[in-house]
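Have a look at query.csv; it's CSV, C-alpha atoms:
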chain,number,residue,atom,x,y,z
T,1,MET,CA,-20.4,8.6,-28.3
T,2,LYS,CA,-20.4,8.6,-24.5
T,3,ILE,CA,-21.2,5.2,-23.0
T,4,GLU,CA,-23.5,5.3,-20.0
T,5,LYS,CA,-22.0,3.9,-16.9
T,6,ILE,CA,-23.4,0.9,-15.0
T,7,LYS,CA,-25.0,2.2,-11.9
T,8,ILE,CA,-24.6,0.0,-8.8
T,9,VAL,CA,-25.9,0.9,-5.3
T,10,ILE,CA,-24.7,-0.9,-2.2
T,11,ILE,CA,-26.7,-0.6,1.0
T,12,GLY,CA,-24.5,-1.2,4.1
T,13,GLY,CA,-20.9,-0.5,4.9
T,14,GLY,CA,-20.1,-3.6,6.9
T,15,PHE,CA,-18.2,-6.7,5.8
T,16,GLY,CA,-20.7,-7.6,3.1
T,17,GLY,CA,-21.0,-4.1,1.5
T,18,VAL,CA,-17.3,-3.1,1.8
T,19,TYR,CA,-15.9,-6.4,0.4
T,20,THR,CA,-18.4,-6.4,-2.4
T,21,ALA,CA,-17.3,-2.9,-3.4
T,22,LYS,CA,-13.6,-3.9,-3.3
T,23,SER,CA,-14.4,-7.0,-5.4
T,24,LEU,CA,-16.3,-5.0,-8.0
T,25,LEU,CA,-13.2,-2.8,-8.5
T,26,LYS,CA,-11.3,-6.0,-9.6
T,27,TYR,CA,-13.9,-6.9,-12.2
T,28,PHE,CA,-14.9,-3.6,-13.8
T,29,ASN,CA,-12.9,-0.8,-15.4
T,30,THR,CA,-13.3,2.3,-13.4
T,31,ASP,CA,-14.7,4.2,-16.5
T,32,ASP,CA,-17.5,1.6,-16.9
T,33,ILE,CA,-19.1,1.8,-13.5
T,34,GLU,CA,-20.6,4.2,-11.0
T,35,ILE,CA,-20.8,2.7,-7.5
T,36,ILE,CA,-22.7,4.4,-4.6
T,37,LEU,CA,-22.2,2.9,-1.1
T,38,ILE,CA,-24.7,4.1,1.5
T,39,ASN,CA,-24.1,3.7,5.2
T,40,LYS,CA,-25.4,5.4,8.2
T,41,ASN,CA,-21.9,5.9,9.7
T,42,ASN,CA,-18.9,7.2,7.8
T,43,TYR,CA,-16.8,4.3,8.9
T,44,PHE,CA,-16.4,0.6,8.5
T,45,LEU,CA,-16.6,-1.1,12.0
T,46,PHE,CA,-14.6,-4.2,12.8
T,47,THR,CA,-17.4,-5.8,14.9
T,48,PRO,CA,-15.5,-8.9,16.0
T,49,LEU,CA,-13.3,-6.8,18.3
T,50,LEU,CA,-16.0,-4.7,20.0
T,51,HIS,CA,-15.5,-6.7,23.2
T,52,GLU,CA,-11.9,-5.5,23.4
T,53,VAL,CA,-13.1,-1.9,23.2
T,54,ALA,CA,-15.6,-2.6,25.9
T,55,THR,CA,-12.9,-3.9,28.2
T,56,GLY,CA,-10.2,-1.4,27.7
T,57,ALA,CA,-7.9,-3.5,25.5
T,58,LEU,CA,-8.4,-1.2,22.4
T,59,THR,CA,-9.4,2.4,21.9
T,60,PRO,CA,-12.6,3.0,20.0
T,61,ASP,CA,-10.9,4.5,17.0
T,62,SER,CA,-8.8,1.4,16.6
T,63,ILE,CA,-11.6,-0.7,15.2
T,64,VAL,CA,-13.0,1.8,12.7
T,65,GLU,CA,-11.8,2.8,9.3
T,66,PRO,CA,-13.2,5.8,7.4
T,67,ILE,CA,-15.0,4.5,4.3
T,68,ARG,CA,-13.9,7.5,2.2
T,69,GLU,CA,-10.3,6.6,3.1
T,70,VAL,CA,-10.7,3.0,2.2
T,71,PHE,CA,-12.0,3.9,-1.3
T,72,ARG,CA,-10.0,7.0,-2.0
T,73,ASN,CA,-8.8,7.3,-5.6
T,74,SER,CA,-11.6,4.9,-6.7
T,75,PRO,CA,-14.9,5.5,-8.5
T,76,ILE,CA,-16.9,4.6,-5.4
T,77,VAL,CA,-19.1,7.4,-4.1
T,78,PHE,CA,-19.8,7.2,-0.4
T,79,VAL,CA,-23.0,8.5,1.0
T,80,GLU,CA,-23.5,8.9,4.8
T,81,ASP,CA,-27.2,8.4,5.1
T,82,THR,CA,-30.0,6.0,6.1
T,83,VAL,CA,-32.1,4.1,3.6
T,84,ILE,CA,-35.8,4.3,4.3
T,85,GLU,CA,-37.3,2.7,1.2
T,86,ILE,CA,-36.5,0.6,-1.9
T,87,ARG,CA,-38.6,1.2,-5.0
T,88,LYS,CA,-38.2,-1.8,-7.3
T,89,ASP,CA,-40.6,-0.5,-10.0
T,90,THR,CA,-38.6,2.6,-10.6
T,91,LYS,CA,-35.2,1.2,-9.5
T,92,GLU,CA,-34.8,3.9,-6.8
T,93,ILE,CA,-33.3,4.0,-3.4
T,94,ILE,CA,-34.9,6.6,-1.0
T,95,THR,CA,-32.8,7.9,1.9
T,96,THR,CA,-33.5,10.5,4.5
T,97,LYS,CA,-31.8,13.1,2.4
T,98,ASN,CA,-32.0,12.0,-1.3
T,99,LYS,CA,-32.8,9.4,-3.8
T,100,TYR,CA,-30.6,7.3,-6.1
T,101,HIS,CA,-31.1,5.3,-9.2
T,102,TYR,CA,-29.6,1.9,-9.7
T,103,GLU,CA,-29.2,-0.8,-12.4
T,104,TYR,CA,-27.9,-3.3,-9.8
T,105,LEU,CA,-28.7,-3.2,-6.1
T,106,ILE,CA,-26.8,-4.9,-3.3
T,107,ILE,CA,-28.5,-5.2,0.1
T,108,SER,CA,-26.2,-5.8,3.1
T,109,PRO,CA,-27.5,-3.7,6.0
T,110,GLY,CA,-26.3,-6.1,8.7
T,111,ALA,CA,-28.0,-7.0,11.9
T,112,GLU,CA,-29.1,-5.5,15.2
T,113,THR,CA,-29.7,-6.8,18.7
T,114,ASN,CA,-32.6,-9.2,19.1
T,115,TYR,CA,-34.2,-8.8,22.6
T,116,MET,CA,-36.6,-11.7,21.7
T,117,ASP,CA,-39.6,-9.8,23.2
T,118,ILE,CA,-38.2,-10.3,26.8
T,119,PRO,CA,-39.9,-7.6,29.0
T,120,GLY,CA,-37.3,-5.1,30.2
T,121,ALA,CA,-34.4,-6.5,28.2
T,122,ARG,CA,-34.0,-3.4,26.0
T,123,GLU,CA,-34.6,-0.9,28.8
T,124,HIS,CA,-32.5,-2.5,31.5
T,125,SER,CA,-29.5,-4.1,29.8
T,126,PHE,CA,-26.6,-3.1,27.6
T,127,SER,CA,-26.1,-4.5,24.1
T,128,LEU,CA,-22.9,-4.9,22.2
T,129,LYS,CA,-23.5,-4.3,18.5
T,130,ASN,CA,-21.9,-1.0,17.7
T,131,LEU,CA,-19.2,1.4,18.9
T,132,GLU,CA,-21.5,3.4,21.1
T,133,ASP,CA,-22.5,0.1,22.9
T,134,ALA,CA,-18.9,-0.8,23.6
T,135,ILE,CA,-18.1,2.7,25.0
T,136,SER,CA,-21.2,2.6,27.2
T,137,ILE,CA,-20.3,-0.7,28.7
T,138,ARG,CA,-16.8,0.3,29.4
T,139,ASN,CA,-17.9,3.6,31.0
T,140,HIS,CA,-20.5,1.8,33.1
T,141,ILE,CA,-18.0,-0.8,34.4
T,142,LEU,CA,-15.6,2.0,35.5
T,143,ASN,CA,-18.4,4.1,37.0
T,144,LYS,CA,-19.7,1.1,39.0
T,145,CYS,CA,-16.2,0.4,40.4
T,146,GLU,CA,-15.7,4.0,41.3
T,147,LYS,CA,-19.1,4.1,43.0
T,148,ALA,CA,-18.5,0.8,44.8
T,149,ASN,CA,-15.3,2.3,46.2
T,150,ALA,CA,-17.0,5.5,47.3
T,151,THR,CA,-20.0,3.8,49.0
T,152,SER,CA,-18.4,0.5,50.1
T,153,ASP,CA,-21.3,-1.3,48.3
T,154,LYS,CA,-19.7,-4.5,46.9
T,155,ASN,CA,-23.1,-5.5,45.4
T,156,MET,CA,-22.2,-3.2,42.5
T,157,LEU,CA,-19.4,-5.5,41.5
T,158,THR,CA,-21.7,-8.2,40.0
T,159,PHE,CA,-21.6,-8.3,36.2
T,160,SER,CA,-23.9,-10.5,34.1
T,161,VAL,CA,-23.6,-11.4,30.4
T,162,ILE,CA,-26.7,-12.9,29.0
T,163,GLY,CA,-26.0,-15.1,26.0
T,164,ALA,CA,-23.3,-17.7,25.7
T,165,GLY,CA,-22.5,-17.6,22.0
T,166,ALA,CA,-19.1,-16.5,20.8
T,167,THR,CA,-19.7,-12.8,21.7
T,168,GLY,CA,-20.9,-13.6,25.2
T,169,VAL,CA,-18.0,-16.0,26.0
T,170,GLU,CA,-15.4,-13.6,24.6
T,171,LEU,CA,-16.9,-10.7,26.5
T,172,ALA,CA,-17.2,-12.6,29.8
T,173,SER,CA,-13.5,-13.7,29.5
T,174,GLU,CA,-12.2,-10.2,28.7
T,175,LEU,CA,-14.5,-8.6,31.4
T,176,ILE,CA,-13.2,-10.7,34.3
T,177,GLU,CA,-9.6,-10.1,33.2
T,178,TYR,CA,-10.2,-6.4,32.8
T,179,ILE,CA,-11.6,-6.1,36.3
T,180,GLU,CA,-9.2,-8.4,38.1
T,181,HIS,CA,-5.9,-7.6,36.2
T,182,THR,CA,-6.4,-3.9,35.5
T,183,ILE,CA,-9.1,-2.3,37.7
T,184,CYS,CA,-8.1,-4.1,40.8
T,185,ILE,CA,-4.5,-2.9,40.3
T,186,TYR,CA,-5.5,0.7,40.2
T,187,TYR,CA,-8.0,0.2,43.1
T,188,LYS,CA,-5.6,-1.8,45.2
T,189,ASN,CA,-6.1,0.5,48.2
T,190,SER,CA,-9.9,0.5,47.8
T,191,VAL,CA,-12.6,-1.2,49.8
T,192,PHE,CA,-13.1,-4.1,47.3
T,193,LYS,CA,-10.8,-6.9,46.4
T,194,LYS,CA,-10.5,-9.4,43.6
T,195,GLU,CA,-12.7,-11.9,45.3
T,196,ASP,CA,-15.5,-9.4,45.5
T,197,ILE,CA,-15.8,-9.4,41.7
T,198,LYS,CA,-18.5,-11.6,40.2
T,199,VAL,CA,-19.0,-12.2,36.5
T,200,ASN,CA,-21.9,-14.4,35.4
T,201,LEU,CA,-22.4,-15.9,32.0
T,202,ILE,CA,-26.0,-17.0,31.5
T,203,SER,CA,-27.0,-19.4,28.8
T,204,SER,CA,-30.5,-20.6,27.9
T,205,SER,CA,-29.1,-23.8,26.5
T,206,SER,CA,-27.3,-26.7,28.3
T,207,GLU,CA,-23.9,-25.6,26.9
T,208,ILE,CA,-21.9,-22.5,25.9
T,209,ILE,CA,-21.1,-21.7,22.3
T,210,PRO,CA,-23.5,-24.5,21.2
T,211,GLN,CA,-22.8,-23.8,17.5
T,212,PHE,CA,-19.2,-24.8,17.9
T,213,PRO,CA,-17.7,-28.4,17.8
T,214,ILE,CA,-18.0,-30.2,21.1
T,215,LYS,CA,-14.2,-30.2,21.8
T,216,MET,CA,-14.2,-26.4,21.5
T,217,ARG,CA,-17.2,-26.2,23.8
T,218,THR,CA,-15.5,-28.4,26.4
T,219,ILE,CA,-12.2,-26.5,26.4
T,220,ALA,CA,-13.9,-23.1,26.4
T,221,LEU,CA,-16.0,-24.0,29.4
T,222,LYS,CA,-13.1,-25.3,31.4
T,223,GLU,CA,-11.0,-22.2,30.7
T,224,ILE,CA,-13.6,-19.6,31.5
T,225,VAL,CA,-14.5,-21.4,34.7
T,226,ARG,CA,-10.8,-21.5,35.6
T,227,LYS,CA,-10.7,-17.7,35.1
T,228,GLY,CA,-13.5,-17.3,37.6
T,229,VAL,CA,-16.6,-16.8,35.4
T,230,ASN,CA,-19.7,-18.2,36.9
T,231,VAL,CA,-21.4,-20.1,34.1
T,232,ILE,CA,-25.2,-20.6,34.5
T,233,CYS,CA,-26.7,-22.9,31.9
T,234,ASN,CA,-30.3,-24.0,31.2
T,235,SER,CA,-31.5,-20.6,32.3
T,236,SER,CA,-34.1,-18.8,30.2
T,237,VAL,CA,-34.5,-15.2,31.0
T,238,SER,CA,-38.2,-14.2,31.5
T,239,ILE,CA,-38.0,-10.6,32.7
T,240,ILE,CA,-35.3,-8.0,33.3
T,241,GLU,CA,-35.8,-5.4,35.9
T,242,PRO,CA,-33.3,-2.8,37.1
T,243,GLY,CA,-30.6,-4.8,38.7
T,244,ILE,CA,-32.5,-8.1,38.6
T,245,ILE,CA,-32.6,-10.9,36.1
T,246,HIS,CA,-35.6,-13.2,36.4
T,247,ILE,CA,-35.1,-16.7,35.3
T,248,LYS,CA,-37.9,-19.0,34.3
T,249,ASP,CA,-38.4,-21.7,36.9
T,250,SER,CA,-35.3,-20.7,38.8
T,251,PRO,CA,-34.3,-18.1,41.4
T,252,SER,CA,-33.6,-14.5,40.1
T,253,ILE,CA,-30.1,-13.1,39.8
T,254,LYS,CA,-29.2,-9.8,41.2
T,255,SER,CA,-26.7,-7.8,39.1
T,256,ASN,CA,-25.9,-4.1,38.8
T,257,THR,CA,-24.6,-4.6,35.3
T,258,ILE,CA,-26.5,-6.6,32.7
T,259,ILE,CA,-25.3,-7.1,29.2
T,260,TRP,CA,-27.6,-8.7,26.6
T,261,VAL,CA,-25.8,-10.6,23.7
T,262,ALA,CA,-28.3,-13.4,23.4
T,263,GLY,CA,-29.0,-12.9,19.7
T,264,VAL,CA,-29.3,-10.6,16.7
T,265,LYS,CA,-31.8,-10.1,13.9
T,266,PRO,CA,-31.5,-8.8,10.4
T,267,ILE,CA,-32.1,-5.1,9.7
T,268,THR,CA,-34.8,-5.5,7.0
T,269,ASP,CA,-37.8,-3.5,8.1
T,270,PHE,CA,-37.3,-0.9,5.5
T,271,ILE,CA,-37.4,-3.5,2.7
T,272,LYS,CA,-40.8,-3.9,0.9
T,273,GLY,CA,-41.8,-6.1,-2.1
T,274,ILE,CA,-39.1,-8.7,-1.4
T,275,SER,CA,-39.9,-12.0,0.3
T,276,PHE,CA,-38.3,-13.1,3.5
T,277,ASN,CA,-37.8,-16.5,5.2
T,278,GLU,CA,-39.0,-17.5,8.6
T,279,LYS,CA,-36.1,-15.6,10.3
T,280,ARG,CA,-37.0,-12.4,8.5
T,281,ARG,CA,-33.9,-12.7,6.3
T,282,ILE,CA,-34.2,-12.0,2.6
T,283,ASP,CA,-35.0,-15.0,0.4
T,284,ILE,CA,-32.2,-15.5,-2.1
T,285,ASN,CA,-31.3,-18.1,-4.8
T,286,GLU,CA,-28.0,-20.0,-5.2
T,287,TYR,CA,-26.5,-17.0,-7.0
T,288,LEU,CA,-27.4,-14.6,-4.1
T,289,GLN,CA,-30.1,-12.9,-6.1
T,290,THR,CA,-33.4,-12.0,-4.5
T,291,VAL,CA,-36.2,-14.3,-5.6
T,292,GLN,CA,-38.3,-11.4,-7.0
T,293,ASP,CA,-35.6,-9.5,-8.9
T,294,ALA,CA,-32.5,-10.8,-10.6
T,295,ASN,CA,-30.8,-7.4,-10.5
T,296,ILE,CA,-31.1,-7.2,-6.7
T,297,PHE,CA,-28.6,-9.1,-4.6
T,298,ALA,CA,-28.6,-9.7,-0.9
T,299,LEU,CA,-25.8,-11.0,1.4
T,300,GLY,CA,-24.5,-11.2,4.9
T,301,ASP,CA,-26.7,-11.2,8.0
T,302,SER,CA,-29.7,-9.9,6.2
T,303,SER,CA,-30.2,-12.8,3.8
T,304,GLY,CA,-30.3,-16.6,3.5
T,305,ASN,CA,-29.8,-19.1,6.3
T,306,LEU,CA,-26.1,-19.2,6.8
T,307,PRO,CA,-24.5,-18.3,10.1
T,308,MET,CA,-24.2,-14.6,10.7
T,309,LEU,CA,-20.4,-14.5,10.4
T,310,ALA,CA,-18.0,-12.0,8.8
T,311,GLN,CA,-16.3,-14.7,6.7
T,312,VAL,CA,-19.7,-15.6,5.2
T,313,ALA,CA,-20.3,-12.0,4.1
T,314,VAL,CA,-16.8,-11.6,2.7
T,315,GLN,CA,-17.1,-14.7,0.6
T,316,GLN,CA,-20.5,-13.7,-0.6
T,317,GLY,CA,-19.2,-10.3,-1.6
T,318,GLN,CA,-16.8,-11.9,-4.0
T,319,ILE,CA,-19.5,-13.9,-5.6
T,320,VAL,CA,-21.9,-11.0,-5.9
T,321,ALA,CA,-19.3,-8.9,-7.6
T,322,ASN,CA,-18.5,-11.7,-10.1
T,323,ASN,CA,-22.2,-12.3,-10.9
T,324,ILE,CA,-23.0,-8.6,-11.5
T,325,PHE,CA,-20.0,-8.5,-13.9
T,326,LYS,CA,-21.3,-11.6,-15.6
T,327,LEU,CA,-24.9,-10.3,-15.8
T,328,SER,CA,-23.7,-7.0,-17.4
T,329,ASN,CA,-21.5,-8.9,-19.9
T,330,GLY,CA,-23.7,-11.9,-20.7
T,331,GLY,CA,-21.7,-14.6,-18.9
T,332,LEU,CA,-22.7,-17.5,-16.7
T,333,LEU,CA,-23.4,-16.8,-13.1
T,334,LYS,CA,-21.5,-18.5,-10.3
T,335,LYS,CA,-23.3,-20.4,-7.5
T,336,PHE,CA,-22.3,-19.5,-4.0
T,337,LYS,CA,-21.0,-22.2,-1.7
T,338,PHE,CA,-19.7,-21.3,1.7
T,339,LYS,CA,-16.3,-22.6,2.6
T,340,GLN,CA,-15.7,-22.7,6.3
T,341,LYS,CA,-12.1,-21.5,6.8
T,342,GLY,CA,-12.1,-22.4,10.4
T,343,LEU,CA,-13.6,-21.3,13.8
T,344,LEU,CA,-11.8,-19.0,16.3
T,345,ILE,CA,-12.7,-17.8,19.7
T,346,SER,CA,-10.5,-15.8,22.2
T,347,LEU,CA,-10.8,-16.3,25.9
T,348,GLY,CA,-8.8,-13.3,27.1
T,349,GLN,CA,-5.1,-12.5,26.8
T,350,TRP,CA,-2.8,-15.4,25.8
T,351,TYR,CA,-5.6,-17.9,25.2
T,352,ALA,CA,-7.7,-18.8,22.2
T,353,ILE,CA,-9.3,-21.9,20.7
T,354,GLY,CA,-9.3,-22.7,17.0
T,355,ASN,CA,-10.7,-25.4,14.8
T,356,PHE,CA,-9.3,-26.0,11.3
T,357,PHE,CA,-10.1,-29.0,9.1
T,358,GLY,CA,-11.7,-30.7,12.2
T,359,ILE,CA,-8.6,-30.3,14.3
T,360,THR,CA,-9.0,-28.2,17.5
T,361,ILE,CA,-6.0,-26.3,19.0
T,362,SER,CA,-5.9,-24.1,22.0
T,363,GLY,CA,-3.5,-22.0,24.0
T,364,ARG,CA,-1.0,-19.3,23.3
T,365,ILE,CA,-0.1,-20.4,19.8
T,366,MET,CA,-3.7,-20.3,18.8
T,367,TRP,CA,-4.0,-16.9,20.5
T,368,TRP,CA,-1.3,-15.6,18.1
T,369,ILE,CA,-3.0,-17.2,15.1
T,370,TRP,CA,-6.3,-15.6,16.2
T,371,ARG,CA,-4.7,-12.2,16.4
T,372,THR,CA,-2.9,-12.6,13.0
T,373,VAL,CA,-6.1,-13.7,11.3
T,374,TYR,CA,-8.1,-10.8,12.7
T,375,LEU,CA,-5.3,-8.3,11.9
T,376,PHE,CA,-5.3,-9.1,8.2
T,377,ASN,CA,-9.1,-8.7,8.0
T,378,PHE,CA,-8.6,-5.0,8.5
T,379,LEU,CA,-8.7,-3.1,5.3
T,380,SER,CA,-5.6,-0.9,5.4
T,381,TRP,CA,-2.0,-1.4,6.5
T,382,ARG,CA,-2.2,1.8,8.6
T,383,LYS,CA,-5.0,0.4,10.7
T,384,ARG,CA,-3.2,-2.9,11.0
T,385,PHE,CA,-0.1,-1.1,12.3
T,386,GLU,CA,-2.2,0.8,14.9
T,387,ILE,CA,-3.7,-2.4,16.2
T,388,VAL,CA,-0.3,-4.1,16.5
T,389,VAL,CA,1.0,-1.1,18.5
T,390,GLU,CA,-2.0,-1.2,20.9
T,391,TRP,CA,-1.9,-5.0,21.3
T,392,THR,CA,1.9,-4.8,22.0
T,393,ILE,CA,1.4,-2.1,24.7
T,394,ASP,CA,-1.3,-4.4,26.3
T,395,LEU,CA,1.4,-7.0,26.8
T,396,PHE,CA,3.4,-4.8,29.1
T,397,TYR,CA,0.9,-2.4,30.7
T,398,PRO,CA,-2.6,-2.6,32.3
T,399,ARG,CA,-5.5,-1.7,30.1
T,400,ASP,CA,-7.0,1.7,29.8
T,401,ILE,CA,-9.5,2.9,32.4
T,402,SER,CA,-10.4,6.2,31.0
T,403,VAL,CA,-14.1,7.1,31.0
T,404,ILE,CA,-14.9,8.3,27.5
T,405,LYS,CA,-17.5,11.0,27.3
Serialized structure, C-alpha cells:
Amino acid sequence: MKIEKIKIVIIGGGFGGVYTAKSLLKYFNTDDIEIILINKNNYFLFTPLLHEVATGALTPDSIVEPIREVFRNSPIVFVEDTVIEIRKDTKEIITTKNKYHYEYLIISPGAETNYMDIPGAREHSFSLKNLEDAISIRNHILNKCEKANATSDKNMLTFSVIGAGATGVELASELIEYIEHTICIYYKNSVFKKEDIKVNLISSSSEIIPQFPIKMRTIALKEIVRKGVNVICNSSVSIIEPGIIHIKDSPSIKSNTIIWVAGVKPITDFIKGISFNEKRRIDINEYLQTVQDANIFALGDSSGNLPMLAQVAVQQGQIVANNIFKLSNGGLLKKFKFKQKGLLISLGQWYAIGNFFGITISGRIMWWIWRTVYLFNFLSWRKRFEIVVEWTIDLFYPRDISVIK
C-alpha cells in the first residue's frame, strides 16, 4: 500500500524559508515528505552584503545562490512564483500561475522598505532591500561622478543616507571609502577632488545604531566621523523632493543622491484570515505556530516581535522543522527561545565592531571575524570560495567601477 507523503509548502526563499527547508531534510526521510518552496526569484539573496554590491566591493552574482542548486538531489520542489492568497479552509496556496495544497504551511516572505508615509520618499530616493536596488545605487553613484566631471558641477557629489541603523551605518562607511579610495583614484585628473565628496548619514534619533550596546554606538560614531561621514542626528525627515531633504524644524539638506534605509516592514498584505500584531507582523505562539491554525507556522521578519535579523530567522527555521516533525509523529513541540550569538557591524575595509557575551571588540581582528562569520552563512562551498576570491582581490586592487546595465 502506498503511503501518502506529507505535503509541506514554504513561502519565501530568504533565510527563514531556506534554513527551514534544510532543517526539514534532517528530520524526515525523503520518501515521507513533499516540500514545495515558493519564491518570486530563483535565487537565495544574502542581504547582509547588499551594501558591498552597492559600493563595488562585490559583484551582484556573488551574493546570490540558485535555490535549485542549493536543493539539488533533494525532495524539495522549487517554484518561481508569487503567492497572492492563502486559503486556510481548503489548505491551498494560490499563486499567479498555479495553486498548491498543503498539510503544513510555513510563511516567511521577509520584509520590504518602509517609507513611513513620508511624502516623496519612495519617488525620490533609492532603497537597499534587493539586488536591483544595490545595482541601481552603484550605477547612480558612478553616473553622478561622471556627470560631475563633465559639467564641473561639484554639487553632484553630495550623497545622503537616511537611516542610521546597521544598514545605514555600513552603507555610509563603504560609500565614502568607495568614492575616496576607488573613484577618486580613477578620476585623479578630473575637476573634483577628495575634499569635494560629501557623505551625510541622517538619523531621526539622538544616536546611530540605537539598538546596539552603548559601547558599540560610541565606537561606531567615532570611526565613521574619522572616515569623513557627516553624521546628522535628531533630524526627522518630513518631505523628500528631487535633490532636497526637508527636515522637521531644521534647515533642508541638498543632495543629488538620497538613499532611504530608515526602516522595513513585513510583506504580509497577501495574508488573510490570520491575525497580526501592531507592527503588521503575524501573531504566533511560543512554538512559532499562528494563533488561528496550528498547522501554519510563521517566522522571520513577517512574524512576532523579535528583531528582523538573519540569525533570528535561521534559529526559528530549526525549531519550525522540529515542531512539524513532532506534530506529524505525535511528539511534544519545542518552544522557541532566541539565543543572541553576538552583534557585528562593519565600517569599511579593515574595521568592524563586534559584541559577544557583553564584550565589545573592534578593529582589524574583528573585521576578520566578521568576514569569517558571514562567509560561513553562505549555503555552498562554491559560493564561499567565490566570495573569498573577491574579498582577496579587494585587498590589492581598487573596487570595480563598471556600470551594470
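Pairwise distance (CA of Asn285 in chain T, CA of Gly304 in chain T) equals 8.5 Å.
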Distance in Å - CA of Ile93 in chain T versus CA of Phe378 in chain T: 28.9 Å
Can you tell me how far CA of Val261 in chain T sits from CA of Thr47 in chain T, in Å to one decimal? 13.1 Å
Any idea what's packed within 10 Å of Arg384 in chain T, counting only C-alpha atoms, ignoring anything in its chain fewer than 5 positions away? Could you give it as a count of residues only? 10
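Distances to Gln289 in chain T were evaluated for T:Lys335, T:Arg371, T:Arg364, T:Arg226 using all atoms listed in the file, and the minimum falls at T:Lys335.
Restricting the calculation to all atoms listed in the file, the smallest distance between Ile282 in chain T and any of T:Ile106, T:Ala166, T:Val264, T:Val18 is found for T:Ile106.
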Nearest residue to Ile94 in chain T out of T:Asp283, T:Ile38, T:Ser380, T:Asp249, using all atoms listed in the file? T:Ile38
List every protein, DNA or RNA residue with an atom no more than 10 Å from (-35.4, -13.4, 8.6) in the file's coordinates, counting all atoms listed in the file, and format the result as a PDB file with C-alpha atoms, in the frame of the given file.
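Contents of the output file result_38.pdb:
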ATOM      1  CA  LYS T 265     -31.800 -10.100  13.900  1.00  0.00           C
ATOM      2  CA  PRO T 266     -31.500  -8.800  10.400  1.00  0.00           C
ATOM      3  CA  ILE T 267     -32.100  -5.100   9.700  1.00  0.00           C
ATOM      4  CA  THR T 268     -34.800  -5.500   7.000  1.00  0.00           C
ATOM      5  CA  SER T 275     -39.900 -12.000   0.300  1.00  0.00           C
ATOM      6  CA  PHE T 276     -38.300 -13.100   3.500  1.00  0.00           C
ATOM      7  CA  ASN T 277     -37.800 -16.500   5.200  1.00  0.00           C
ATOM      8  CA  GLU T 278     -39.000 -17.500   8.600  1.00  0.00           C
ATOM      9  CA  LYS T 279     -36.100 -15.600  10.300  1.00  0.00           C
ATOM     10  CA  ARG T 280     -37.000 -12.400   8.500  1.00  0.00           C
ATOM     11  CA  ARG T 281     -33.900 -12.700   6.300  1.00  0.00           C
ATOM     12  CA  ILE T 282     -34.200 -12.000   2.600  1.00  0.00           C
ATOM     13  CA  ASP T 283     -35.000 -15.000   0.400  1.00  0.00           C
ATOM     14  CA  ASP T 301     -26.700 -11.200   8.000  1.00  0.00           C
ATOM     15  CA  SER T 302     -29.700  -9.900   6.200  1.00  0.00           C
ATOM     16  CA  SER T 303     -30.200 -12.800   3.800  1.00  0.00           C
ATOM     17  CA  GLY T 304     -30.300 -16.600   3.500  1.00  0.00           C
ATOM     18  CA  ASN T 305     -29.800 -19.100   6.300  1.00  0.00           C
TER      19      ASN T 305
END
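Residues in contact with Glu103 in chain T at 12 Å, where only C-alpha atoms are counted and same-chain residues fewer than 3 positions away are skipped, are listed as Glu4, Lys5, Ile6, Lys7, Ile8, Val9, Ile10, Ile33, Glu34, Ile35, Ile36, Lys88, Asp89, Thr90, Lys91, Glu92, Ile93, Tyr100, Ile106, Asp293, Ala294, Asn295, Ile296, Phe297, Ile324, Leu327 and Ser328 of chain T.
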Could you check the closest approach to Ile393 in chain T for each of T:Ile359, T:Leu50, T:Leu58, T:Ile86 and tell me which residue wins, using all atoms listed in the file? T:Leu58
